[in-house]
$ cat final-v4.txt   # compact mmCIF, C-alpha atoms
# COMPACT_ATOMS: atom_id res chain seq x y z
CA MET L 1 89.19 112.55 132.96
CA ASN L 2 85.94 111.10 131.74
CA CYS L 3 85.37 107.64 130.29
CA CYS L 4 85.35 108.85 126.67
CA ASP L 5 88.83 110.33 127.11
CA ALA L 6 89.98 107.18 128.82
CA ARG L 7 88.81 105.00 125.95
CA ARG L 8 90.64 107.03 123.37
CA MET L 9 93.72 106.90 125.55
CA LEU L 10 93.41 103.16 125.87
CA HIS L 11 93.94 102.94 122.10
CA GLN L 12 96.87 105.29 122.26
CA ALA L 13 98.40 103.24 125.03
CA LEU L 14 98.22 100.21 122.78
CA ASP L 15 100.39 102.01 120.25
CA ASP L 16 102.82 103.49 122.80
CA ASP L 17 101.51 106.90 121.89
CA LEU L 18 100.98 108.22 125.42
CA SER L 19 103.24 110.43 127.46
CA LEU L 20 104.23 109.15 130.88
CA PRO L 21 101.96 111.56 132.82
CA ALA L 22 99.05 110.70 130.56
CA LYS L 23 99.71 107.03 131.15
CA ARG L 24 99.62 107.58 134.87
CA GLN L 25 96.37 109.51 134.59
CA LEU L 26 94.86 106.66 132.62
CA GLU L 27 95.98 104.11 135.17
CA ASN L 28 94.41 106.14 137.92
CA HIS L 29 91.16 106.31 136.02
CA LEU L 30 91.13 102.60 135.28
CA HIS L 31 91.75 101.84 138.90
CA ALA L 32 88.61 103.69 139.82
CA CYS L 33 86.36 102.80 136.87
CA GLY L 34 85.02 99.26 136.47
CA PRO L 35 83.44 99.66 132.99
CA CYS L 36 86.65 101.10 131.56
CA GLN L 37 88.60 98.20 133.04
CA LYS L 38 86.31 95.89 131.13
CA VAL L 39 86.90 97.85 127.99
CA GLU L 40 90.64 97.57 128.53
CA GLY L 41 90.32 93.80 128.88
CA SER L 42 88.24 93.34 125.77
CA LEU L 43 90.51 95.63 123.78
CA ALA L 44 93.52 93.59 124.80
CA GLN L 45 91.69 90.53 123.61
CA VAL L 46 90.86 92.14 120.27
CA VAL L 47 94.49 93.01 119.78
CA SER L 48 95.76 89.55 120.64
CA LEU L 49 93.23 88.05 118.24
CA LEU L 50 94.22 90.53 115.54
CA ASP L 51 97.85 89.53 115.93
CA GLN L 52 96.74 86.00 115.35
CA LEU L 53 95.23 86.95 111.99
CA ALA L 54 98.74 87.43 110.61
CA ASP L 55 99.56 83.77 111.16
CA VAL L 56 98.68 82.41 107.73
CA PRO L 57 101.77 80.79 106.27
CA ALA L 58 102.31 80.97 102.53
CA PRO L 59 102.60 77.68 100.60
CA SER L 60 106.03 76.12 101.03
CA ASN L 61 106.84 76.29 97.31
CA PHE L 62 106.08 80.00 97.18
CA THR L 63 109.66 81.21 96.83
CA ALA L 64 110.66 78.53 94.34
CA ASN L 65 107.64 79.32 92.15
CA LEU L 66 108.36 82.99 92.32
CA MET L 67 112.01 82.65 91.42
CA GLN L 68 111.00 80.72 88.31
CA GLN L 69 108.80 83.57 87.20
CA LEU L 70 111.50 86.21 87.42
CA PRO L 71 112.34 87.76 84.09
CA ARG L 72 115.56 86.20 82.79
CA LYS L 73 117.53 89.33 81.93
CA GLN L 74 117.66 92.43 83.96
CA VAL L 75 116.87 95.65 82.10
CA ARG L 76 120.17 96.39 80.33
CA LEU L 77 118.69 95.11 77.05
CA PRO L 78 118.06 98.47 75.37
CA LEU L 79 121.69 99.52 75.71
CA LEU L 80 122.91 96.16 74.47
CA ALA L 81 120.57 96.31 71.51
CA ARG L 82 121.77 99.77 70.66
CA THR L 83 125.45 98.76 70.65
CA ARG L 84 124.59 95.79 68.53
CA ALA L 85 122.85 98.03 66.01
CA VAL L 86 125.87 100.29 65.86
CA TRP L 87 128.13 97.37 65.16
CA ALA L 88 125.83 96.00 62.48
CA ALA L 89 125.71 99.37 60.78
CA ALA L 90 129.48 99.71 60.95
CA LEU L 91 129.98 96.25 59.50
CA LEU L 92 127.54 96.91 56.66
CA PHE L 93 129.24 100.19 55.96
CA VAL L 94 132.65 98.54 55.77
CA LEU L 95 131.46 95.59 53.72
CA ILE L 96 129.79 97.73 51.10
CA LEU L 97 132.01 100.77 50.99
CA SER L 98 135.49 99.35 51.35
CA PRO L 99 135.57 97.36 48.06
CA LEU L 100 134.08 100.36 46.30
CA TYR L 101 136.71 102.57 47.83
CA VAL L 102 139.56 100.24 46.92
CA TRP L 103 138.30 99.91 43.39
CA LEU L 104 137.96 103.67 42.92
CA THR L 105 141.40 104.29 44.34
CA LEU L 106 143.11 101.68 42.20
CA SER L 107 141.47 102.85 39.00
CA ARG L 108 143.32 106.17 39.27
CA PRO L 109 146.98 107.08 39.39
CA GLN L 110 148.31 107.54 42.87
CA LEU L 111 151.42 109.09 44.25
CA ILE L 112 152.50 108.46 47.77
CA ALA L 113 154.85 110.99 49.25
CA ASP L 114 155.63 112.88 52.43
CA HIS L 115 153.46 115.82 53.30
CA GLY L 116 154.14 119.20 51.78
CA GLN L 117 156.17 118.13 48.77
CA ALA L 118 156.11 120.36 45.71
CA ILE L 119 154.50 117.98 43.27
CA VAL L 120 151.83 118.97 40.77
CA GLN L 121 149.31 116.56 39.27
CA GLU L 122 148.05 116.97 35.70
CA GLY L 123 145.77 114.09 34.79
CA HIS L 124 147.85 110.96 35.13
CA ARG L 125 151.12 112.90 35.25
CA PHE L 126 152.85 113.88 38.47
CA ILE L 127 155.29 116.68 37.88
CA VAL L 128 158.17 117.83 40.03
CA PRO L 129 158.53 121.37 38.66
CA ALA L 130 161.90 122.80 37.68
CA GLY L 131 163.75 124.31 40.59
CA GLU L 132 161.86 122.26 43.21
CA VAL L 133 163.51 119.67 45.44
CA VAL L 134 161.56 116.66 46.66
CA GLN L 135 162.92 114.91 49.74
CA GLY L 136 161.99 111.47 50.96
CA ASP L 137 160.86 108.39 49.15
CA LEU L 138 158.13 108.33 46.52
CA VAL L 139 155.81 105.59 45.36
CA ILE L 140 153.98 106.05 42.08
CA TYR L 141 151.13 103.90 40.91
CA LYS L 142 149.66 103.79 37.36
CA GLY L 143 151.02 107.10 36.19
CA ILE L 144 153.99 109.05 34.96
CA LEU L 145 156.40 110.88 37.22
CA GLU L 146 157.96 113.75 35.38
CA ILE L 147 161.03 115.09 37.11
CA GLN L 148 162.04 118.58 36.03
CA GLY L 149 163.42 119.59 39.38
CA GLU L 150 165.20 117.24 41.77
CA VAL L 151 164.16 114.10 43.66
CA GLN L 152 166.47 113.08 46.47
CA GLY L 153 164.79 109.93 47.79
CA ASN L 154 164.21 106.46 46.40
CA ILE L 155 161.39 105.94 43.92
CA LYS L 156 159.28 102.82 43.66
CA THR L 157 157.00 102.34 40.66
CA ILE L 158 153.97 100.14 40.24
CA ASP L 159 152.65 100.09 36.68
CA ALA L 160 154.27 103.48 36.29
CA THR L 161 157.13 105.20 34.47
CA ILE L 162 159.59 107.93 35.33
CA GLU L 163 160.45 110.65 32.83
CA LEU L 164 163.50 112.63 33.62
CA GLY L 165 163.19 116.17 32.18
CA PRO L 166 166.05 118.21 30.69
CA GLY L 167 167.08 119.76 33.99
CA GLY L 168 165.74 116.85 36.05
CA LYS L 169 167.83 115.11 38.66
CA HIS L 170 167.25 111.94 40.70
CA THR L 171 169.79 110.99 43.32
CA GLY L 172 168.11 107.95 44.92
CA SER L 173 167.45 104.47 43.59
CA THR L 174 164.59 103.37 41.40
CA LYS L 175 162.74 100.11 41.87
CA ASN L 176 159.91 98.62 39.88
CA ILE L 177 157.35 96.54 41.77
CA ASP L 178 154.97 94.00 40.24
CA ALA L 179 151.34 95.08 40.42
CA SER L 180 150.46 92.20 42.69
CA PRO L 181 147.19 92.26 44.65
CA GLN L 182 149.15 92.88 47.84
CA ALA L 183 150.95 95.84 46.35
CA LYS L 184 147.68 97.26 45.02
CA LEU L 185 145.95 96.83 48.33
CA ALA L 186 148.87 98.50 50.04
CA VAL L 187 148.47 101.45 47.69
CA ALA L 188 144.80 101.69 48.51
CA TRP L 189 145.51 101.54 52.21
CA ALA L 190 148.30 104.03 51.96
CA GLU L 191 145.96 106.33 50.11
CA LEU L 192 143.36 105.95 52.82
CA TRP L 193 145.73 106.53 55.70
CA GLY L 194 148.24 108.81 54.09
CA LEU L 195 151.09 106.37 54.48
CA THR L 196 154.25 107.35 52.76
CA VAL L 197 156.29 104.20 52.86
CA LEU L 198 155.53 101.16 50.84
CA CYS L 199 156.22 98.14 49.00
CA SER L 200 158.39 95.20 49.76
CA GLU L 201 156.40 92.22 51.01
CA LYS L 202 157.46 93.09 54.52
CA GLU L 203 156.28 96.63 54.20
CA THR L 204 152.94 95.48 52.86
CA PHE L 205 152.53 93.37 55.97
CA MET L 206 153.46 96.29 58.18
CA ALA L 207 150.94 98.43 56.35
CA SER L 208 148.19 95.92 57.08
CA MET L 209 149.11 95.96 60.76
CA VAL L 210 148.84 99.71 60.79
CA ILE L 211 145.49 99.45 59.05
CA ALA L 212 144.22 96.96 61.62
CA SER L 213 145.09 99.34 64.40
CA HIS L 214 143.23 102.09 62.58
CA VAL L 215 140.09 100.16 61.71
CA LEU L 216 138.55 100.20 65.18
CA PRO L 217 138.71 103.94 65.83
CA PHE L 218 137.51 104.52 62.30
CA LEU L 219 134.42 102.37 62.86
CA LEU L 220 133.70 104.25 66.02
CA GLY L 221 133.91 107.48 64.12
CA GLN L 222 136.77 108.85 66.18
CA GLU L 223 139.38 108.82 63.49
CA LYS L 224 139.51 111.57 60.91
CA ARG L 225 141.07 110.83 57.63
CA LYS L 226 144.62 112.02 57.33
CA GLY L 227 146.21 113.58 54.29
CA VAL L 228 145.23 111.91 51.05
CA TYR L 229 147.53 111.83 48.13
CA GLY L 230 146.88 111.37 44.47
CA LYS L 231 143.52 113.02 44.10
CA HIS L 232 144.48 116.60 44.69
CA GLU L 233 147.25 118.95 43.93
CA TYR L 234 150.15 118.82 46.26
CA MET J 1 116.01 100.49 109.80
CA ASP J 2 116.56 96.82 109.19
CA LEU J 3 120.22 96.33 108.32
CA VAL J 4 119.69 92.77 107.12
CA ASP J 5 117.14 94.04 104.60
CA GLN J 6 119.55 96.69 103.42
CA LYS J 7 122.34 94.16 102.92
CA LEU J 8 120.06 91.84 101.00
CA MET J 9 118.69 94.64 98.87
CA GLN J 10 122.17 95.82 98.06
CA LYS J 11 123.05 92.36 96.79
CA ALA J 12 119.73 91.91 95.01
CA LYS J 13 120.20 95.21 93.21
CA LYS J 14 123.46 93.87 91.84
CA GLY J 15 121.61 90.86 90.40
CA ASP J 16 122.12 88.38 93.24
CA HIS J 17 119.12 86.06 92.96
CA SER J 18 119.78 84.18 96.18
CA ALA J 19 119.74 87.44 98.15
CA PHE J 20 116.40 88.27 96.59
CA ALA J 21 115.11 84.79 97.44
CA GLU J 22 116.18 85.35 101.03
CA LEU J 23 114.16 88.55 101.18
CA VAL J 24 111.15 86.74 99.74
CA ASP J 25 111.53 83.98 102.32
CA LYS J 26 111.67 86.54 105.08
CA TYR J 27 108.46 88.35 104.16
CA ARG J 28 106.35 85.93 102.16
CA ASP J 29 104.26 84.64 105.10
CA LYS J 30 103.47 88.12 106.38
CA ILE J 31 102.63 89.47 102.95
CA TYR J 32 100.54 86.45 102.11
CA ALA J 33 98.66 86.68 105.43
CA TYR J 34 98.10 90.40 104.94
CA LEU J 35 96.76 89.95 101.42
CA TYR J 36 94.64 87.00 102.49
CA ARG J 37 92.97 89.15 105.14
CA MET J 38 92.58 91.97 102.64
CA VAL J 39 90.96 90.03 99.79
CA GLY J 40 89.41 87.13 101.67
CA ASN J 41 90.51 84.11 99.69
CA ARG J 42 93.70 82.14 99.35
CA GLU J 43 94.02 81.89 95.59
CA ASP J 44 93.75 85.60 94.98
CA ALA J 45 96.03 86.28 97.94
CA LEU J 46 98.63 83.96 96.45
CA ASP J 47 98.45 85.66 93.05
CA LEU J 48 98.73 89.08 94.62
CA ALA J 49 101.63 88.05 96.85
CA GLN J 50 103.52 86.75 93.82
CA GLU J 51 102.74 89.92 91.94
CA THR J 52 103.97 91.98 94.87
CA PHE J 53 107.38 90.35 94.85
CA LEU J 54 107.60 90.43 91.07
CA ARG J 55 107.05 94.18 91.22
CA ILE J 56 109.72 94.49 93.86
CA TYR J 57 112.06 92.62 91.57
CA SER J 58 111.35 94.66 88.47
CA ASN J 59 111.71 97.89 90.45
CA LEU J 60 114.90 96.93 92.26
CA ARG J 61 116.88 99.56 90.45
CA HIS J 62 114.49 102.29 91.61
CA PHE J 63 114.98 101.36 95.27
CA LYS J 64 117.33 103.74 97.03
CA LEU J 65 119.55 102.05 99.57
CA GLY J 66 119.19 103.54 103.01
CA ARG J 67 115.43 103.82 102.74
CA PRO J 68 113.42 101.25 104.69
CA PHE J 69 112.41 98.23 102.65
CA LYS J 70 109.43 96.99 104.63
CA PRO J 71 107.07 99.96 104.11
CA TRP J 72 107.87 99.88 100.40
CA LEU J 73 106.95 96.19 100.26
CA TYR J 74 103.67 96.73 102.12
CA ARG J 75 102.83 99.72 100.00
CA ILE J 76 103.05 97.67 96.82
CA ALA J 77 101.00 94.89 98.41
CA THR J 78 98.38 97.34 99.66
CA ASN J 79 98.02 99.07 96.31
CA LEU J 80 97.64 95.75 94.55
CA ALA J 81 95.02 94.63 97.05
CA ILE J 82 93.02 97.86 96.85
CA ASP J 83 93.13 97.75 93.04
CA PHE J 84 92.05 94.15 93.09
CA LEU J 85 89.12 94.83 95.42
CA ARG J 86 88.02 97.77 93.31
CA ARG J 87 87.99 95.64 90.17
CA ARG J 88 86.38 92.62 91.75
CA ARG J 89 83.51 94.17 93.61
CA PRO J 90 82.83 97.65 92.44
CA THR J 91 79.46 97.84 94.21
CA VAL J 92 79.50 95.84 97.37
CA ALA J 93 77.46 96.74 100.37
CA LEU J 94 79.97 97.01 103.14
CA ASP J 95 77.46 96.25 105.83
CA ALA J 96 76.29 93.03 104.18
CA PRO J 97 77.39 90.00 106.17
CA ILE J 98 79.90 87.86 104.30
CA ALA J 99 78.76 84.64 105.94
CA ASP J 100 75.82 84.18 108.24
CA ASP J 101 76.57 83.16 111.75
CA GLU J 102 74.70 79.91 111.41
CA SER J 103 77.11 78.33 108.92
CA LEU J 104 80.05 79.61 110.90
CA ARG J 105 78.84 77.97 114.05
CA LEU J 106 78.15 74.64 112.35
CA GLU J 107 81.61 74.60 110.86
CA LEU J 108 83.17 75.19 114.20
CA VAL J 109 81.18 72.51 115.95
CA GLU J 110 82.42 70.03 113.37
CA GLN J 111 86.02 70.91 114.19
CA GLY J 112 85.84 68.28 116.85
CA PRO J 113 86.29 68.36 120.57
CA GLY J 114 89.00 70.33 122.25
CA PRO J 115 89.55 72.20 125.45
CA ALA J 116 86.66 74.55 125.91
CA GLU J 117 88.84 77.63 126.14
CA GLN J 118 90.72 76.85 122.97
CA HIS J 119 87.45 76.19 121.25
CA GLU J 120 86.13 79.50 122.36
CA ARG J 121 89.24 81.29 121.27
CA ALA J 122 89.14 79.66 117.85
CA GLU J 123 85.56 80.70 117.42
CA LEU J 124 86.34 84.22 118.55
CA ALA J 125 89.26 84.43 116.15
CA ALA J 126 87.13 83.24 113.25
CA TYR J 127 84.43 85.67 114.22
CA LEU J 128 86.89 88.53 114.46
CA ALA J 129 88.41 87.62 111.09
CA GLN J 130 84.96 87.86 109.60
CA LYS J 131 84.33 91.22 111.21
CA VAL J 132 87.67 92.49 109.93
CA ALA J 133 86.69 91.32 106.46
CA GLU J 134 83.54 93.39 106.74
CA LEU J 135 85.42 96.59 107.45
CA PRO J 136 85.86 98.99 104.52
CA PRO J 137 89.22 98.30 102.81
CA ASN J 138 90.94 101.45 104.03
CA TYR J 139 90.05 100.67 107.64
CA ARG J 140 90.92 97.04 107.14
CA SER J 141 94.39 97.80 105.83
CA VAL J 142 95.16 100.11 108.77
CA ILE J 143 94.12 97.61 111.38
CA LEU J 144 95.93 94.73 109.66
CA LEU J 145 99.13 96.68 109.17
CA ARG J 146 99.19 97.79 112.79
CA HIS J 147 98.61 94.36 114.33
CA GLY J 148 100.66 91.37 113.39
CA HIS J 149 102.91 93.30 111.03
CA ASP J 150 104.70 95.57 113.49
CA LEU J 151 104.42 98.79 111.54
CA SER J 152 104.43 102.17 113.25
CA TYR J 153 101.87 104.97 112.73
CA GLN J 154 104.37 106.78 110.56
CA GLU J 155 105.12 103.73 108.45
CA ILE J 156 101.42 103.02 107.95
CA ALA J 157 100.88 106.64 106.99
CA ASP J 158 103.68 106.30 104.41
CA ILE J 159 102.27 103.06 103.08
CA LEU J 160 98.75 104.38 102.66
CA GLN J 161 99.86 107.91 101.81
CA VAL J 162 97.56 109.52 104.35
CA PRO J 163 98.42 111.77 107.32
CA VAL J 164 99.36 110.15 110.62
CA SER J 165 96.26 111.67 112.22
CA THR J 166 94.10 109.77 109.71
CA VAL J 167 95.87 106.55 110.62
CA LYS J 168 95.17 107.16 114.31
CA THR J 169 91.52 107.95 113.69
CA ARG J 170 90.97 104.90 111.54
CA LEU J 171 92.76 102.67 114.02
CA PHE J 172 90.67 103.97 116.87
CA ARG J 173 87.39 103.56 115.01
CA ALA J 174 88.19 100.15 113.61
CA ARG J 175 89.42 98.73 116.89
CA GLU J 176 86.49 100.18 118.77
CA ALA J 177 84.06 98.67 116.26
CA LEU J 178 85.75 95.28 116.51
CA ARG J 179 85.79 95.42 120.29
CA LEU J 180 82.06 96.11 120.41
CA LYS J 181 81.30 93.29 117.99
CA LEU J 182 83.45 90.91 119.94
CA SER J 183 82.00 91.63 123.36
CA GLU J 184 78.55 91.21 121.82
CA GLU J 185 79.53 87.89 120.35
CA ARG J 186 81.16 86.65 123.51
CA SER J 187 78.19 87.45 125.66
CA MET J 188 76.02 85.56 123.17
CA TRP J 189 78.40 82.66 123.34
CA GLU J 190 78.44 82.68 127.10
CA ALA J 191 74.65 82.92 127.26
CA GLU J 192 74.24 79.98 124.94
CA CYS J 193 76.73 77.76 126.67
CA GLN J 194 75.77 78.33 130.22
$ encode --input "final-v4.txt" --output "structure tokens"
Amino acid sequence: MNCCDARRMLHQALDDDLSLPAKRQLENHLHACGPCQKVEGSLAQVVSLLDQLADVPAPSNFTANLMQQLPRKQVRLPLLARTRAVWAAALLFVLILSPLYVWLTLSRPQLIADHGQAIVQEGHRFIVPAGEVVQGDLVIYKGILEIQGEVQGNIKTIDATIELGPGGKHTGSTKNIDASPQAKLAVAWAELWGLTVLCSEKETFMASMVIASHVLPFLLGQEKRKGVYGKHEY
Amino acid sequence: MDLVDQKLMQKAKKGDHSAFAELVDKYRDKIYAYLYRMVGNREDALDLAQETFLRIYSNLRHFKLGRPFKPWLYRIATNLAIDFLRRRRPTVALDAPIADDESLRLELVEQGPGPAEQHERAELAAYLAQKVAELPPNYRSVILLRHGHDLSYQEIADILQVPVSTVKTRLFRAREALRLKLSEERSMWEAECQ
């Protein structure tokens, strides 16, 4: 081993980067070589002085200052903003479109019935054709119900009349309901949700409860409209 | 792997400010000292140290638990320091002395009396600090990270994104240069004082 090797190894020894045999070799060399011993000593001094360079304490208010500078909110903002936008859009949609929808619905005759009943609409007339049997209750709003076949359920009328045809038959009861705002709203809701039962004060309340439970999914776009009555042929 | 760091980071990632403050308390002196030796003045070192921890904070969510925290911290600090030096002095002559020995000596004499050995050591330390400051930044960072900050070859290589062999070479050269400067200085000192 010459002195150049030894000096490189001295540095490695400082970093614990020497194998045990190499360490022993180095020790042997140092034992025999005065100049290299000197180098070892001065290197040790350099290192101890270098370690000292890391002793520069930060100001005591460092952490407090830093913590004050931290951004208040952590990231999530974009997501939050997006949800907020969705809600705003939904609210705007409801506020503008729902009165329009109610108004359009209430300006036309409506018939609320169970699905799949054989009823035909001609303008403002709802006709139960001869030979057909309608089961379940009916609600008719602003129109004429012409019964040529048979109706087996109860009929409730709001601003509407019933015309019994020559062969017509109605076995349930008939009840006229005042066209109060509640009743009208209930019609609109029933039209929207395809409800088939309606009309006493209690039922109106129940209808609004059902509506409330439907509003949220609707706003989130998960709810498809169910069967709608009154606009199309049955 | 420092388990305390991992625990604190886990909490900090969940938004625990006091855990983050604890981490800052643990490393602020070392980071500040490192940056001070890198850039050479306290104000800039303070700004850079603050910036280092702010970056840690804003990148908390990118930190993967289980990976060592300390090298990440030093890497951010080193990059900030190197950027800063590049912007501040784009054309500095690295061999130009930062302060002439005359002023240094005067300053030290005015420090007042003390045991001769301590005095000598203080002067040597100041002299060495100056010589470290004169090293090129990439040598300076290696030598600072290795001594006083307890980082391994591998960790330094990760921090500086250079091969381990480069770290070893730079360490060897830098230490050798400092050793030569120091023995020179000490013999001068001894000659003058005898």
$ closest_residue --input "final-v4.txt" --among "L:Asn176, L:Gln12, L:Thr161, L:Gln37" --to "chain J" --atoms "all atoms listed in the file"
L:Gln12
$ residues_around --input "final-v4.txt" --residues "L:His29" --least-positions-apart "4" --cutoff "10 Å" --atoms "all atoms listed in the file" --output "CSV table (one decimal) with C-alpha atoms, in the frame of the given file"
chain,number,residue,atom,x,y,z
L,1,MET,CA,89.2,112.6,133.0
L,2,ASN,CA,85.9,111.1,131.7
L,3,CYS,CA,85.4,107.6,130.3
L,6,ALA,CA,90.0,107.2,128.8
L,23,LYS,CA,99.7,107.0,131.2
L,24,ARG,CA,99.6,107.6,134.9
L,25,GLN,CA,96.4,109.5,134.6
L,33,CYS,CA,86.4,102.8,136.9
L,34,GLY,CA,85.0,99.3,136.5
L,36,CYS,CA,86.6,101.1,131.6
L,37,GLN,CA,88.6,98.2,133.0
$ residues_around --input "final-v4.txt" --residues "stretch 40-57 of chain J" --least-positions-apart "4" --cutoff "8 Å" --atoms "all atoms listed in the file" --output "PyMOL selection string"
(chain L and resi 58+62+66+69-70) or (chain J and resi 20+24+28+31-33+35-36+73+76-77+80-81+133)
$ interface_residues --input "final-v4.txt" --of "chain L" --to "chain J" --cutoff "12 Å" --atoms "all atoms listed in the file" --output "JSON, numbers by chain"
{"L": [4, 7, 8, 9, 10, 11, 12, 13, 14, 15, 16, 17, 38, 39, 40, 41, 42, 43, 44, 45, 46, 47, 48, 49, 50, 51, 52, 53, 54, 55, 56, 57, 58, 59, 60, 61, 62, 63, 64, 65, 66, 67, 68, 69, 70, 71, 72, 73, 74, 75, 76]}
$ atom_distance --input "final-v4.txt" --atom1 "atom CA of L:Leu106" --atom2 "atom CA of L:Gln152"
26.3 Å
$ residues_around --input "final-v4.txt" --residues "L:Asp178" --least-positions-apart "2" --cutoff "9 Å" --atoms "only C-alpha atoms" --output "PyMOL selection string"
chain L and resi 157-159+176+180+183
$ atom_distance --input "final-v4.txt" --atom1 "atom CA of J:Asn59" --atom2 "atom CA of J:Gln6"
15.2 Å
$ closest_residue --input "final-v4.txt" --among "L:Val151, L:Leu164, L:Leu145, L:Leu138" --to "L:Val120" --atoms "all atoms listed in the file"
L:Leu145
$ atom_distance --input "final-v4.txt" --atom1 "atom CA of L:Tyr101" --atom2 "atom CA of L:Ala85"
23.3 Å
$ residues_around --input "final-v4.txt" --residues "J:Val167" --least-positions-apart "5" --cutoff "9 Å" --atoms "only C-alpha atoms" --output "compact mmCIF listing (two decimals) with C-alpha atoms, keeping the file's coordinate frame"
# COMPACT_ATOMS: atom_id res chain seq x y z
CA TYR J 139 90.05 100.67 107.64
CA VAL J 142 95.16 100.11 108.77
CA TYR J 153 101.87 104.97 112.73
CA GLN J 154 104.37 106.78 110.56
CA ILE J 156 101.42 103.02 107.95
CA ALA J 157 100.88 106.64 106.99
CA LEU J 160 98.75 104.38 102.66
CA VAL J 162 97.56 109.52 104.35
CA PHE J 172 90.67 103.97 116.87
$ residues_near_point --input "final-v4.txt" --point "(158.2, 110.1, 37.0)" --cutoff "6 Å" --atoms "all atoms listed in the file" --output "PDB file with C-alpha atoms, in the frame of the given file"
ATOM      1  CA  ILE L 144     153.990 109.050  34.960  1.00  0.00           C
ATOM      2  CA  LEU L 145     156.400 110.880  37.220  1.00  0.00           C
ATOM      3  CA  GLU L 146     157.960 113.750  35.380  1.00  0.00           C
ATOM      4  CA  ILE L 147     161.030 115.090  37.110  1.00  0.00           C
ATOM      5  CA  THR L 161     157.130 105.200  34.470  1.00  0.00           C
ATOM      6  CA  ILE L 162     159.590 107.930  35.330  1.00  0.00           C
ATOM      7  CA  GLU L 163     160.450 110.650  32.830  1.00  0.00           C
TER       8      GLU L 163
END
$ residues_around --input "final-v4.txt" --residues "J:Ile159" --least-positions-apart "3" --cutoff "7 Å" --atoms "only C-alpha atoms" --output "ChimeraX atom specification"
/J:71-72,74-75,155-156
$ residues_near_point --input "final-v4.txt" --point "(163.4, 110.8, 49.0)" --cutoff "7 Å" --atoms "all atoms listed in the file" --output "mmCIF file with C-alpha atoms, keeping the file's coordinate frame"
data_model
loop_
_atom_site.group_PDB
_atom_site.id
_atom_site.type_symbol
_atom_site.label_atom_id
_atom_site.label_comp_id
_atom_site.auth_asym_id
_atom_site.auth_seq_id
_atom_site.Cartn_x
_atom_site.Cartn_y
_atom_site.Cartn_z
ATOM 1 C CA VAL L 134 161.560 116.660 46.660
ATOM 2 C CA GLN L 135 162.920 114.910 49.740
ATOM 3 C CA GLY L 136 161.990 111.470 50.960
ATOM 4 C CA ASP L 137 160.860 108.390 49.150
ATOM 5 C CA LEU L 138 158.130 108.330 46.520
ATOM 6 C CA VAL L 151 164.160 114.100 43.660
ATOM 7 C CA GLN L 152 166.470 113.080 46.470
ATOM 8 C CA GLY L 153 164.790 109.930 47.790
ATOM 9 C CA ASN L 154 164.210 106.460 46.400
ATOM 10 C CA GLY L 172 168.110 107.950 44.920
#
$ closest_residue --input "final-v4.txt" --among "L:Leu185, L:Ala160, L:Ile127, L:Ile140" --to "L:Ser98" --atoms "all atoms listed in the file"
L:Leu185
